[in-house]
file work23.tsv (TSV, C-alpha atoms and all ligand atoms)
chain	number	residue	atom	x	y	z
A	26	MET	CA	0.00	0.00	0.00
A	27	THR	CA	1.38	3.45	-0.81
A	28	THR	CA	1.95	6.12	1.78
A	29	MET	CA	-0.78	8.21	0.19
A	30	GLU	CA	-3.38	5.53	0.92
A	31	ARG	CA	-2.13	5.14	4.45
A	32	ASP	CA	-2.64	8.85	5.12
A	33	LEU	CA	-6.06	9.61	6.47
A	34	GLN	CA	-7.36	12.94	5.35
A	35	LEU	CA	-10.45	14.85	6.41
A	36	ASP	CA	-11.46	17.36	3.79
A	37	ASN	CA	-13.90	20.04	4.95
A	38	VAL	CA	-15.67	17.53	7.20
A	39	GLY	CA	-18.76	18.42	9.21
A	40	ARG	CA	-20.87	16.32	11.53
A	41	ARG	CA	-24.20	16.95	13.12
A	42	TYR	CA	-26.67	14.59	14.72
A	43	GLY	CA	-30.04	14.60	13.03
A	44	LEU	CA	-31.03	16.50	9.91
A	45	ARG	CA	-31.47	19.83	11.66
A	46	GLY	CA	-29.28	19.29	14.69
A	47	PRO	CA	-26.63	21.87	15.50
A	48	TRP	CA	-23.26	21.34	13.84
A	49	VAL	CA	-20.94	19.62	16.30
A	50	LEU	CA	-17.98	19.87	13.90
A	51	ARG	CA	-17.67	21.93	10.76
A	52	GLY	CA	-14.99	22.74	8.18
A	53	ILE	CA	-12.52	20.23	9.57
A	54	HIS	CA	-9.30	19.69	7.62
A	55	LEU	CA	-6.92	17.18	9.12
A	56	THR	CA	-4.28	14.79	7.78
A	57	LEU	CA	-2.91	11.91	9.84
A	58	THR	CA	0.40	10.70	8.46
A	59	PRO	CA	2.08	7.31	9.07
A	60	GLY	CA	4.52	7.36	11.97
A	61	THR	CA	3.02	10.38	13.71
A	62	LEU	CA	1.29	10.95	17.04
A	63	THR	CA	-1.57	13.46	17.21
A	64	ARG	CA	-3.27	14.76	20.35
A	65	ILE	CA	-6.79	16.18	20.30
A	66	GLU	CA	-7.82	18.40	23.23
A	67	GLY	CA	-10.81	20.51	24.15
A	68	PRO	CA	-13.37	21.04	26.88
A	69	ASN	CA	-16.09	18.44	27.57
A	70	GLY	CA	-18.81	18.08	25.00
A	71	THR	CA	-17.01	19.96	22.23
A	72	GLY	CA	-16.91	17.02	19.83
A	73	LYS	CA	-13.62	15.23	20.48
A	74	SER	CA	-15.25	11.78	20.61
A	75	THR	CA	-17.27	12.62	17.53
A	76	LEU	CA	-14.08	13.53	15.69
A	77	LEU	CA	-12.35	10.31	16.75
A	78	ARG	CA	-15.32	8.19	15.64
A	79	VAL	CA	-15.23	9.94	12.26
A	80	LEU	CA	-11.46	9.30	12.00
A	81	ALA	CA	-12.03	5.63	12.85
A	82	ARG	CA	-14.79	5.60	10.20
A	83	LEU	CA	-17.29	4.41	12.79
A	84	ASP	CA	-19.32	7.50	12.15
A	85	ALA	CA	-19.86	9.08	8.73
A	86	PRO	CA	-19.42	12.81	8.19
A	87	SER	CA	-22.63	14.75	7.45
A	88	GLU	CA	-20.66	16.76	4.89
A	89	GLY	CA	-17.16	16.77	3.44
A	90	ARG	CA	-14.95	13.85	2.50
A	91	ILE	CA	-12.58	11.35	4.06
A	92	LYS	CA	-9.68	10.09	1.97
A	93	GLY	CA	-7.39	7.15	2.69
A	94	ARG	CA	-8.08	3.75	4.19
A	95	PRO	CA	-5.45	2.88	6.78
A	96	ARG	CA	-6.23	-0.31	8.68
A	97	THR	CA	-7.73	1.13	11.85
A	98	ALA	CA	-8.26	0.05	15.44
A	99	TYR	CA	-10.21	2.03	18.00
A	100	VAL	CA	-10.38	2.06	21.77
A	101	PRO	CA	-13.63	3.65	22.89
A	102	GLU	CA	-14.24	5.56	26.10
A	103	ARG	CA	-16.66	2.84	27.16
A	104	PHE	CA	-16.04	-0.68	25.97
A	105	PRO	CA	-19.08	-2.94	25.55
A	106	SER	CA	-18.03	-5.45	28.19
A	107	ALA	CA	-21.26	-7.46	28.08
A	108	LEU	CA	-19.93	-9.52	25.18
A	109	PRO	CA	-20.55	-13.27	25.70
A	110	PHE	CA	-16.85	-14.23	25.78
A	111	THR	CA	-13.99	-14.55	28.20
A	112	ALA	CA	-11.24	-11.97	27.62
A	113	LEU	CA	-8.96	-14.65	26.20
A	114	GLY	CA	-11.73	-16.15	24.07
A	115	TYR	CA	-12.67	-12.77	22.65
A	116	LEU	CA	-9.09	-11.74	21.82
A	117	THR	CA	-8.28	-15.15	20.35
A	118	HIS	CA	-11.36	-14.88	18.16
A	119	LEU	CA	-10.32	-11.42	16.96
A	120	ALA	CA	-6.75	-12.53	16.27
A	121	THR	CA	-8.00	-15.40	14.07
A	122	ILE	CA	-10.04	-12.79	12.16
A	123	HIS	CA	-6.75	-10.88	11.67
A	124	GLY	CA	-5.47	-14.02	9.97
A	125	LEU	CA	-3.60	-15.92	12.68
A	126	THR	CA	-3.99	-19.65	13.13
A	127	ARG	CA	-5.92	-20.69	16.23
A	128	ALA	CA	-2.72	-21.57	18.15
A	129	SER	CA	-0.85	-18.37	17.29
A	130	ALA	CA	-4.00	-16.35	17.93
A	131	GLU	CA	-4.31	-17.77	21.41
A	132	ARG	CA	-0.62	-17.12	22.09
A	133	ALA	CA	-0.85	-13.51	20.83
A	134	ALA	CA	-3.99	-12.93	22.90
A	135	ALA	CA	-2.41	-14.38	26.05
A	136	ASP	CA	0.79	-12.34	25.52
A	137	THR	CA	-1.12	-9.11	25.12
A	138	LEU	CA	-3.19	-9.79	28.24
A	139	GLU	CA	-0.01	-10.56	30.16
A	140	ARG	CA	1.58	-7.36	28.96
A	141	PHE	CA	-1.26	-5.43	30.64
A	142	GLY	CA	-1.28	-7.55	33.80
A	143	ALA	CA	-4.61	-9.13	32.86
A	144	THR	CA	-3.56	-12.80	32.95
A	145	PRO	CA	-5.36	-13.51	36.28
A	146	TYR	CA	-8.74	-12.82	34.69
A	147	ALA	CA	-8.03	-14.00	31.15
A	148	ARG	CA	-10.66	-16.74	31.58
A	149	THR	CA	-13.26	-14.63	33.36
A	150	PRO	CA	-16.43	-13.83	31.38
A	151	MET	CA	-16.10	-10.26	30.17
A	152	ALA	CA	-19.45	-9.27	31.68
A	153	GLN	CA	-17.90	-9.87	35.12
A	154	LEU	CA	-14.84	-7.69	34.59
A	155	SER	CA	-14.37	-4.37	36.39
A	156	LYS	CA	-14.20	-1.16	34.36
A	157	GLY	CA	-10.39	-1.14	34.48
A	158	SER	CA	-10.08	-4.79	33.53
A	159	SER	CA	-12.42	-4.52	30.58
A	160	GLN	CA	-10.51	-1.41	29.52
A	161	LYS	CA	-7.41	-3.61	29.30
A	162	VAL	CA	-9.30	-5.92	26.96
A	163	ALA	CA	-10.32	-2.90	24.87
A	164	VAL	CA	-6.70	-1.83	24.61
A	165	ALA	CA	-5.52	-5.39	23.89
A	166	GLN	CA	-8.00	-5.87	21.03
A	167	ALA	CA	-6.76	-2.67	19.36
A	168	LEU	CA	-3.05	-3.52	19.74
A	169	LEU	CA	-3.49	-7.11	18.52
A	170	ALA	CA	-4.63	-5.71	15.19
A	171	GLU	CA	-1.25	-3.93	14.69
A	172	PRO	CA	-3.23	-1.14	13.05
A	173	GLU	CA	-1.93	1.47	10.61
A	174	LEU	CA	-4.10	3.96	12.48
A	175	LEU	CA	-4.75	3.61	16.22
A	176	VAL	CA	-7.51	5.80	17.65
A	177	LEU	CA	-7.56	6.14	21.46
A	178	ASP	CA	-10.49	7.89	23.13
A	179	GLU	CA	-9.55	8.30	26.81
A	180	ALA	CA	-8.07	4.80	26.60
A	181	TRP	CA	-5.95	5.34	29.74
A	182	THR	CA	-8.97	5.98	31.94
A	183	GLY	CA	-9.47	3.23	34.51
A	184	LEU	CA	-6.09	1.57	33.88
A	185	ASP	CA	-3.63	1.04	36.76
A	186	ALA	CA	-0.25	2.79	36.70
A	187	ASP	CA	1.63	-0.16	35.15
A	188	ALA	CA	-0.95	-0.59	32.41
A	189	ARG	CA	-0.94	3.17	31.75
A	190	ALA	CA	2.83	3.12	31.26
A	191	GLU	CA	2.53	0.02	29.09
A	192	LEU	CA	-0.02	1.73	26.86
A	193	GLU	CA	2.32	4.71	26.46
A	194	ARG	CA	5.03	2.26	25.38
A	195	ALA	CA	2.63	0.58	22.97
A	196	VAL	CA	1.90	3.98	21.40
A	197	ALA	CA	5.64	4.53	20.95
A	198	GLU	CA	5.95	1.10	19.31
A	199	ARG	CA	3.11	1.78	16.90
A	200	THR	CA	4.54	5.10	15.71
A	201	ALA	CA	8.07	3.64	15.53
A	202	ALA	CA	6.63	0.87	13.34
A	203	GLY	CA	5.21	3.55	11.02
A	204	GLY	CA	1.65	3.61	12.32
A	205	ALA	CA	-0.34	6.78	13.00
A	206	VAL	CA	-1.81	7.25	16.47
A	207	VAL	CA	-4.40	9.83	17.50
A	208	PHE	CA	-5.57	10.24	21.09
A	209	VAL	CA	-7.75	12.20	23.48
A	210	ASP	CA	-6.89	12.16	27.17
A	211	HIS	CA	-8.01	14.36	30.04
A	212	ASP	CA	-4.52	14.24	31.59
A	213	PRO	CA	-2.44	17.08	30.10
A	214	GLY	CA	0.69	15.14	31.11
A	215	ARG	CA	-0.22	12.13	28.97
A	216	LEU	CA	2.65	11.55	26.50
A	217	ALA	CA	3.72	15.13	27.22
A	218	GLY	CA	6.23	16.42	24.73
A	219	VAL	CA	5.73	13.47	22.40
A	220	PRO	CA	2.91	14.41	19.97
A	221	ASP	CA	3.93	15.61	16.52
A	222	ALA	CA	0.81	17.77	16.49
A	223	THR	CA	-1.79	18.90	19.01
A	224	TYR	CA	-5.18	20.26	18.03
A	225	ALA	CA	-7.92	21.81	20.12
A	226	VAL	CA	-11.59	21.35	19.24
A	227	HIS	CA	-13.68	24.39	20.03
A	228	GLY	CA	-16.52	26.25	18.42
A	229	GLY	CA	-16.99	23.28	16.06
A	230	GLY	CA	-13.55	23.86	14.53
A	231	LEU	CA	-10.16	22.26	14.88
A	232	HIS	CA	-7.32	24.57	15.84
A	233	ARG	CA	-3.68	23.57	15.64
A	234	ARG	CA	-1.84	24.43	18.81
A	235	THR	CA	1.39	26.14	18.06
A	236	ALA	CA	4.39	24.36	19.55
A	237	GLN	CA	4.37	26.04	22.96
A	238	ALA	CA	7.88	25.23	23.95
A	239	THR	CA	10.82	23.83	22.07
A	240	ALA	CA	11.95	22.20	25.30
A	241	PRO	CA	10.04	18.94	25.71
A	242	THR	CA	7.91	18.57	28.82
A	243	GLY	CA	7.73	15.38	30.89
A	244	PRO	CA	10.55	13.07	31.98
A	245	GLN	CA	13.31	12.60	29.43
A	246	VAL	CA	16.04	10.04	28.91
A	247	THR	CA	19.38	10.75	27.23
A	248	VAL	CA	20.92	7.91	25.26
A	249	VAL	CA	24.46	8.00	23.89
A	250	ALA	CA	24.94	5.50	21.08
A	251	GLN	CA	27.76	4.60	18.74
A	252	GLY	CA	27.17	3.23	15.29
A	253	PRO	CA	29.32	1.17	12.99
A	254	ALA	CA	31.97	3.23	11.18
A	255	GLY	CA	30.21	5.64	8.84
A	256	GLY	CA	26.84	4.32	10.02
A	257	ARG	CA	23.71	6.44	9.69
A	258	LEU	CA	21.31	6.54	12.60
A	259	PRO	CA	18.40	4.11	11.85
A	260	ALA	CA	15.36	6.00	10.55
A	261	ASP	CA	13.12	4.55	13.27
A	262	ALA	CA	15.50	5.80	15.94
A	263	LEU	CA	15.43	9.28	14.44
A	264	ARG	CA	11.65	9.20	14.44
A	265	THR	CA	11.44	8.12	18.08
A	266	ALA	CA	14.03	10.56	19.45
A	267	THR	CA	13.14	14.19	20.15
A	268	THR	CA	16.64	15.39	19.35
A	269	ALA	CA	19.71	13.71	17.87
A	270	GLU	CA	23.11	15.34	17.96
A	271	GLU	CA	26.27	13.84	16.45
A	272	THR	CA	28.81	14.62	19.16
A	273	GLU	CA	31.71	13.00	17.32
A	274	PRO	CA	31.79	11.00	14.11
A	275	GLY	CA	29.53	7.97	14.56
A	276	THR	CA	28.49	8.90	18.11
A	277	TYR	CA	25.08	10.35	18.78
A	278	ARG	CA	23.46	11.88	21.83
A	279	LEU	CA	19.71	11.24	21.63
A	280	ALA	CA	17.01	12.71	23.82
A	281	VAL	CA	13.78	10.74	24.10
A	282	PRO	CA	10.66	10.99	26.26
A	283	ALA	CA	10.96	8.39	29.05
A	284	SER	CA	7.87	6.57	27.76
A	285	HIS	CA	9.71	5.97	24.46
A	286	SER	CA	13.16	5.01	25.73
A	287	ASP	CA	12.57	1.22	25.60
A	288	VAL	CA	11.49	1.47	21.99
A	289	LEU	CA	14.49	3.60	21.07
A	290	LEU	CA	16.92	1.20	22.75
A	291	ARG	CA	15.31	-1.78	21.07
A	292	THR	CA	15.56	-0.04	17.69
A	293	LEU	CA	19.27	0.67	18.19
A	294	LEU	CA	20.07	-2.84	19.38
A	295	ALA	CA	18.01	-4.49	16.63
A	296	ALA	CA	19.66	-2.43	13.86
A	297	ARG	CA	21.88	-4.36	11.45
A	298	PRO	CA	24.68	-4.07	12.37
A	299	PRO	CA	23.53	-3.22	15.91
A	300	TRP	CA	24.43	0.06	17.57
A	301	HIS	CA	26.43	0.16	20.75
A	302	VAL	CA	24.59	1.90	23.59
A	303	VAL	CA	27.26	3.81	25.52
A	304	SER	CA	25.05	5.27	28.24
A	305	VAL	CA	21.46	5.81	29.28
A	306	SER	CA	20.71	8.55	31.77
A	307	HIS	CA	17.36	9.40	33.27
A	308	GLU	CA	16.71	13.01	33.92
A	309	THR	CA	15.54	13.08	37.52
A	310	GLN	CA	12.13	14.66	37.79
A	311	GLU	CA	9.31	13.96	40.18
A	312	GLY	CA	7.06	11.09	39.18
A	313	GLY	CA	9.70	8.68	37.87
A	314	ARG	CA	9.18	6.55	34.69
B	401	LIG	N1	-25.06	9.91	19.16
B	401	LIG	C1	-25.32	11.20	19.42
B	401	LIG	N2	-26.54	11.72	19.19
B	401	LIG	C2	-26.81	13.01	19.43
B	401	LIG	N3	-25.93	13.89	19.89
B	401	LIG	C3	-24.68	13.46	20.14
B	401	LIG	C4	-24.31	12.09	19.91
B	401	LIG	N4	-23.02	11.95	20.25
B	401	LIG	C5	-22.59	13.17	20.65
B	401	LIG	N5	-23.59	14.07	20.59
B	401	LIG	C6	-23.48	15.49	20.93
B	401	LIG	O1	-22.37	16.04	20.25
B	401	LIG	C7	-21.66	16.95	21.06
B	401	LIG	C8	-20.20	16.52	21.14
B	401	LIG	O2	-20.10	15.27	21.85
B	401	LIG	P1	-18.74	14.45	21.97
B	401	LIG	O3	-19.02	13.26	22.79
B	401	LIG	O4	-18.20	14.26	20.62
B	401	LIG	O5	-17.85	15.50	22.77
B	401	LIG	P2	-16.52	15.27	23.60
B	401	LIG	O6	-15.71	16.49	23.38
B	401	LIG	O7	-15.94	13.98	23.26
B	401	LIG	O8	-17.07	15.26	25.09
B	401	LIG	P3	-16.50	14.49	26.39
B	401	LIG	O9	-15.16	15.09	26.67
B	401	LIG	O10	-17.53	14.81	27.41
B	401	LIG	O11	-16.45	13.04	26.02
B	401	LIG	C9	-22.37	16.96	22.41
B	401	LIG	O12	-23.23	18.06	22.44
B	401	LIG	C10	-23.16	15.67	22.39
B	401	LIG	O13	-24.32	15.80	23.16

call {"tool": "encode", "arguments": {"input": "work23.tsv", "output": "structure tokens"}}
result
Amino acid sequence: MTTMERDLQLDNVGRRYGLRGPWVLRGIHLTLTPGTLTRIEGPNGTGKSTLLRVLARLDAPSEGRIKGRPRTAYVPERFPSALPFTALGYLTHLATIHGLTRASAERAAADTLERFGATPYARTPMAQLSKGSSQKVAVAQALLAEPELLVLDEAWTGLDADARAELERAVAERTAAGGAVVFVDHDPGRLAGVPDATYAVHGGGLHRRTAQATAPTGPQVTVVAQGPAGGRLPADALRTATTAEETEPGTYRLAVPASHSDVLLRTLLAARPPWHVVSVSHETQEGGR
């Protein structure tokens, strides 16, 4: 598939509910590009969820056009947990739909549940899961799809601290793998400093926030890495890092948001030939990780 088709583009999109309802969104132009993270903000009831549903193509615009068909996964604010499956059964079923054999599907489902600390209730009927636990299943179903576009509507809400950090890492992995991710979250610190673009929804329109500060906010990690002689920094590493400075030939100092440091390190070590990681230093700020 070409990059053009993997872009998702809203062209003068409007949405209202009912034929004569007030316009919730109007004149929206937005392009989501592979490998980028986009944050959508705005006060309650301004149309953020409506916009995300339109982006996920779960809701059709009342006017305007959508171009591009990236393979999309969506995590809703409220997941329909009354489905007649266990978490493992549901995810295994979905993974077979994504084309895995039964055995690999079950393994992928179990791995994803484990990643989010959900193994203890993998075999519990979903209707009996707490809000937080069913939210983990919602997140797992979206990640299992390895989507080209991942749409997260308050997906962190209800998750415990470990699962929240894990979801931030999963977002970093998706963008490093060339996927687009768009999210809404009430916590202004969520993935702070990471988004490639931030937009605010108000008055039915979408307004690009100017980059407030060049200095990234949120905890940062500095990685010093040495490549093979004459080696160029892997493209995925460049995409994940906030800044990359060649301090001497073949040696780079990379700054990365703490949530993305695992992904950056993995990218460097998995490069062929692999890069040598000289040092990793965590900037000490309150809050840790
Ligand atoms: N299915 C629907 N039918 C009718 N009106 C709707 C529907 N969904 C949303 N709306 C209305 O559209 C407007 C925007 O709602 P939306 O949920 O998109 O906002 P939001 O910014 O996501 O809000 P919140 O932060 O509270 O989730 C609201 O006035 C809401 O009442």

call {"tool": "closest_residue", "arguments": {"input": "work23.tsv", "among": "A:Leu289, A:Val207, A:Ala222, A:Leu76", "to": "ligand LIG 401 (chain B)", "atoms": "all atoms listed in the file"}}
result
A:Leu76

call {"tool": "closest_residue", "arguments": {"input": "work23.tsv", "among": "A:Thr97, A:Thr268, A:Ser284, A:Thr182", "to": "ligand LIG 401 (chain B)", "atoms": "all atoms listed in the file"}}
result
A:Thr182

call {"tool": "closest_atom_pairs", "arguments": {"input": "work23.tsv", "of": "chain A", "to": "ligand LIG 401 (chain B)", "cutoff": "6 Å", "atoms": "all atoms listed in the file", "output": "JSON lines"}}
result
{"residue": "A:Tyr42", "atom": "CA", "partner": "B:LIG401", "partner_atom": "C2", "distance": 5.0}
{"residue": "A:Val49", "atom": "CA", "partner": "B:LIG401", "partner_atom": "C7", "distance": 5.5}
{"residue": "A:Asn69", "atom": "CA", "partner": "B:LIG401", "partner_atom": "O9", "distance": 3.6}
{"residue": "A:Gly70", "atom": "CA", "partner": "B:LIG401", "partner_atom": "O8", "distance": 3.3}
{"residue": "A:Thr71", "atom": "CA", "partner": "B:LIG401", "partner_atom": "O6", "distance": 3.9}
{"residue": "A:Gly72", "atom": "CA", "partner": "B:LIG401", "partner_atom": "O4", "distance": 3.1}
{"residue": "A:Lys73", "atom": "CA", "partner": "B:LIG401", "partner_atom": "O6", "distance": 3.8}
{"residue": "A:Ser74", "atom": "CA", "partner": "B:LIG401", "partner_atom": "O7", "distance": 3.5}
{"residue": "A:Thr75", "atom": "CA", "partner": "B:LIG401", "partner_atom": "O4", "distance": 3.6}

call {"tool": "residues_around", "arguments": {"input": "work23.tsv", "residues": "Ala269 (chain A)", "least_positions_apart": "3", "cutoff": "8 Å", "atoms": "only C-alpha atoms", "output": "number ranges by chain"}}
result
A: 263, 266, 277-280

call {"tool": "residues_around", "arguments": {"input": "work23.tsv", "residues": "Asp221 (chain A)", "least_positions_apart": "6", "cutoff": "7 Å", "atoms": "only C-alpha atoms", "output": "VMD selection string"}}
result
chain A and resid 61 to 63

call {"tool": "write_last_selection", "arguments": {"input": "work23.tsv", "atoms": "C-alpha atoms", "output": "mmCIF file, in the frame of the given file"}}
result
data_model
loop_
_atom_site.group_PDB
_atom_site.id
_atom_site.type_symbol
_atom_site.label_atom_id
_atom_site.label_comp_id
_atom_site.auth_asym_id
_atom_site.auth_seq_id
_atom_site.Cartn_x
_atom_site.Cartn_y
_atom_site.Cartn_z
ATOM 1 C CA THR A 61 3.020 10.380 13.710
ATOM 2 C CA LEU A 62 1.290 10.950 17.040
ATOM 3 C CA THR A 63 -1.570 13.460 17.210
#

call {"tool": "closest_residue", "arguments": {"input": "work23.tsv", "among": "A:Leu192, A:Ala163, A:Val206, A:Leu108", "to": "Pro95 (chain A)", "atoms": "all atoms listed in the file"}}
result
A:Val206

call {"tool": "residues_near_point", "arguments": {"input": "work23.tsv", "point": "(-14.6, 12.8, 3.8)", "cutoff": "8 Å", "atoms": "all atoms listed in the file", "output": "PDB file with C-alpha atoms, keeping the file's coordinate frame"}}
result
ATOM      1  CA  GLN A  34      -7.360  12.940   5.350  1.00  0.00           C
ATOM      2  CA  LEU A  35     -10.450  14.850   6.410  1.00  0.00           C
ATOM      3  CA  ASP A  36     -11.460  17.360   3.790  1.00  0.00           C
ATOM      4  CA  ASN A  37     -13.900  20.040   4.950  1.00  0.00           C
ATOM      5  CA  VAL A  38     -15.670  17.530   7.200  1.00  0.00           C
ATOM      6  CA  PRO A  86     -19.420  12.810   8.190  1.00  0.00           C
ATOM      7  CA  GLU A  88     -20.660  16.760   4.890  1.00  0.00           C
ATOM      8  CA  GLY A  89     -17.160  16.770   3.440  1.00  0.00           C
ATOM      9  CA  ARG A  90     -14.950  13.850   2.500  1.00  0.00           C
ATOM     10  CA  ILE A  91     -12.580  11.350   4.060  1.00  0.00           C
ATOM     11  CA  LYS A  92      -9.680  10.090   1.970  1.00  0.00           C
TER      12      LYS A  92
END

call {"tool": "residues_around", "arguments": {"input": "work23.tsv", "residues": "region 125-142 of chain A", "least_positions_apart": "3", "cutoff": "12 Å", "atoms": "only C-alpha atoms", "output": "VMD selection string"}}
result
chain A and resid 111 to 122 145 to 148 157 to 171 181 184 to 195

call {"tool": "write_last_selection", "arguments": {"input": "work23.tsv", "atoms": "C-alpha atoms", "output": "PDB file, keeping the file's coordinate frame"}}
result
ATOM      1  CA  THR A 111     -13.990 -14.550  28.200  1.00  0.00           C
ATOM      2  CA  ALA A 112     -11.240 -11.970  27.620  1.00  0.00           C
ATOM      3  CA  LEU A 113      -8.960 -14.650  26.200  1.00  0.00           C
ATOM      4  CA  GLY A 114     -11.730 -16.150  24.070  1.00  0.00           C
ATOM      5  CA  TYR A 115     -12.670 -12.770  22.650  1.00  0.00           C
ATOM      6  CA  LEU A 116      -9.090 -11.740  21.820  1.00  0.00           C
ATOM      7  CA  THR A 117      -8.280 -15.150  20.350  1.00  0.00           C
ATOM      8  CA  HIS A 118     -11.360 -14.880  18.160  1.00  0.00           C
ATOM      9  CA  LEU A 119     -10.320 -11.420  16.960  1.00  0.00           C
ATOM     10  CA  ALA A 120      -6.750 -12.530  16.270  1.00  0.00           C
ATOM     11  CA  THR A 121      -8.000 -15.400  14.070  1.00  0.00           C
ATOM     12  CA  ILE A 122     -10.040 -12.790  12.160  1.00  0.00           C
ATOM     13  CA  PRO A 145      -5.360 -13.510  36.280  1.00  0.00           C
ATOM     14  CA  TYR A 146      -8.740 -12.820  34.690  1.00  0.00           C
ATOM     15  CA  ALA A 147      -8.030 -14.000  31.150  1.00  0.00           C
ATOM     16  CA  ARG A 148     -10.660 -16.740  31.580  1.00  0.00           C
ATOM     17  CA  GLY A 157     -10.390  -1.140  34.480  1.00  0.00           C
ATOM     18  CA  SER A 158     -10.080  -4.790  33.530  1.00  0.00           C
ATOM     19  CA  SER A 159     -12.420  -4.520  30.580  1.00  0.00           C
ATOM     20  CA  GLN A 160     -10.510  -1.410  29.520  1.00  0.00           C
ATOM     21  CA  LYS A 161      -7.410  -3.610  29.300  1.00  0.00           C
ATOM     22  CA  VAL A 162      -9.300  -5.920  26.960  1.00  0.00           C
ATOM     23  CA  ALA A 163     -10.320  -2.900  24.870  1.00  0.00           C
ATOM     24  CA  VAL A 164      -6.700  -1.830  24.610  1.00  0.00           C
ATOM     25  CA  ALA A 165      -5.520  -5.390  23.890  1.00  0.00           C
ATOM     26  CA  GLN A 166      -8.000  -5.870  21.030  1.00  0.00           C
ATOM     27  CA  ALA A 167      -6.760  -2.670  19.360  1.00  0.00           C
ATOM     28  CA  LEU A 168      -3.050  -3.520  19.740  1.00  0.00           C
ATOM     29  CA  LEU A 169      -3.490  -7.110  18.520  1.00  0.00           C
ATOM     30  CA  ALA A 170      -4.630  -5.710  15.190  1.00  0.00           C
ATOM     31  CA  GLU A 171      -1.250  -3.930  14.690  1.00  0.00           C
ATOM     32  CA  TRP A 181      -5.950   5.340  29.740  1.00  0.00           C
ATOM     33  CA  LEU A 184      -6.090   1.570  33.880  1.00  0.00           C
ATOM     34  CA  ASP A 185      -3.630   1.040  36.760  1.00  0.00           C
ATOM     35  CA  ALA A 186      -0.250   2.790  36.700  1.00  0.00           C
ATOM     36  CA  ASP A 187       1.630  -0.160  35.150  1.00  0.00           C
ATOM     37  CA  ALA A 188      -0.950  -0.590  32.410  1.00  0.00           C
ATOM     38  CA  ARG A 189      -0.940   3.170  31.750  1.00  0.00           C
ATOM     39  CA  ALA A 190       2.830   3.120  31.260  1.00  0.00           C
ATOM     40  CA  GLU A 191       2.530   0.020  29.090  1.00  0.00           C
ATOM     41  CA  LEU A 192      -0.020   1.730  26.860  1.00  0.00           C
ATOM     42  CA  GLU A 193       2.320   4.710  26.460  1.00  0.00           C
ATOM     43  CA  ARG A 194       5.030   2.260  25.380  1.00  0.00           C
ATOM     44  CA  ALA A 195       2.630   0.580  22.970  1.00  0.00           C
TER      45      ALA A 195
END

call {"tool": "atom_distance", "arguments": {"input": "work23.tsv", "atom1": "CA of Val249 (chain A)", "atom2": "CA of Pro282 (chain A)"}}
result
14.3 Å

call {"tool": "residues_around", "arguments": {"input": "work23.tsv", "residues": "Glu273 (chain A)", "least_positions_apart": "6", "cutoff": "12 Å", "atoms": "all atoms listed in the file", "output": "ChimeraX atom specification"}}
result
/A:249-252,254-255

call {"tool": "atom_distance", "arguments": {"input": "work23.tsv", "atom1": "CA of Thr247 (chain A)", "atom2": "CA of Thr200 (chain A)"}}
result
19.6 Å

call {"tool": "closest_residue", "arguments": {"input": "work23.tsv", "among": "A:Arg96, A:Arg103, A:His211, A:Arg234", "to": "Leu175 (chain A)", "atoms": "only C-alpha atoms"}}
result
A:Arg96

call {"tool": "atom_distance", "arguments": {"input": "work23.tsv", "atom1": "CA of Ala81 (chain A)", "atom2": "CA of Ser155 (chain A)"}}
result
25.7 Å

call {"tool": "residues_around", "arguments": {"input": "work23.tsv", "residues": "region 227-230 of chain A", "least_positions_apart": "6", "cutoff": "7 Å", "atoms": "all atoms listed in the file", "output": "list in words"}}
result
Trp48, Val49, Leu50, Arg51, Gly52, Ile53, Gly67 and Thr71 of chain A

call {"tool": "residues_near_point", "arguments": {"input": "work23.tsv", "point": "(8.3, 4.7, 6.1)", "cutoff": "10 Å", "atoms": "only C-alpha atoms", "output": "MDAnalysis selection string"}}
result
chainID A and resid 27:28 59:60 201:204 260:261

call {"tool": "build_atoms", "arguments": {"input": "work23.tsv", "residues": "region 91-98 of chain A", "atoms": "N, CA and C atoms", "output": "PDB file, in the coordinates of the input"}}
result
ATOM      1  N   ILE A  91     -13.726  11.989   3.426  1.00  0.00           N
ATOM      2  CA  ILE A  91     -12.580  11.350   4.060  1.00  0.00           C
ATOM      3  C   ILE A  91     -11.826  10.601   2.985  1.00  0.00           C
ATOM      4  N   LYS A  92     -10.510  10.810   2.946  1.00  0.00           N
ATOM      5  CA  LYS A  92      -9.680  10.090   1.970  1.00  0.00           C
ATOM      6  C   LYS A  92      -8.692   9.207   2.712  1.00  0.00           C
ATOM      7  N   GLY A  93      -8.363   8.070   2.095  1.00  0.00           N
ATOM      8  CA  GLY A  93      -7.390   7.150   2.690  1.00  0.00           C
ATOM      9  C   GLY A  93      -8.091   6.063   3.478  1.00  0.00           C
ATOM     10  N   ARG A  94      -7.489   4.889   3.479  1.00  0.00           N
ATOM     11  CA  ARG A  94      -8.080   3.750   4.190  1.00  0.00           C
ATOM     12  C   ARG A  94      -7.028   3.003   4.976  1.00  0.00           C
ATOM     13  N   PRO A  95      -6.384   3.652   5.952  1.00  0.00           N
ATOM     14  CA  PRO A  95      -5.450   2.880   6.780  1.00  0.00           C
ATOM     15  C   PRO A  95      -6.242   1.844   7.570  1.00  0.00           C
ATOM     16  N   ARG A  96      -5.615   0.703   7.829  1.00  0.00           N
ATOM     17  CA  ARG A  96      -6.230  -0.310   8.680  1.00  0.00           C
ATOM     18  C   ARG A  96      -6.302   0.272  10.082  1.00  0.00           C
ATOM     19  N   THR A  97      -7.505   0.327  10.643  1.00  0.00           N
ATOM     20  CA  THR A  97      -7.730   1.130  11.850  1.00  0.00           C
ATOM     21  C   THR A  97      -8.202   0.296  13.024  1.00  0.00           C
ATOM     22  N   ALA A  98      -7.704   0.617  14.210  1.00  0.00           N
ATOM     23  CA  ALA A  98      -8.260   0.050  15.440  1.00  0.00           C
ATOM     24  C   ALA A  98      -8.614   1.190  16.378  1.00  0.00           C
TER      25      ALA A  98
END
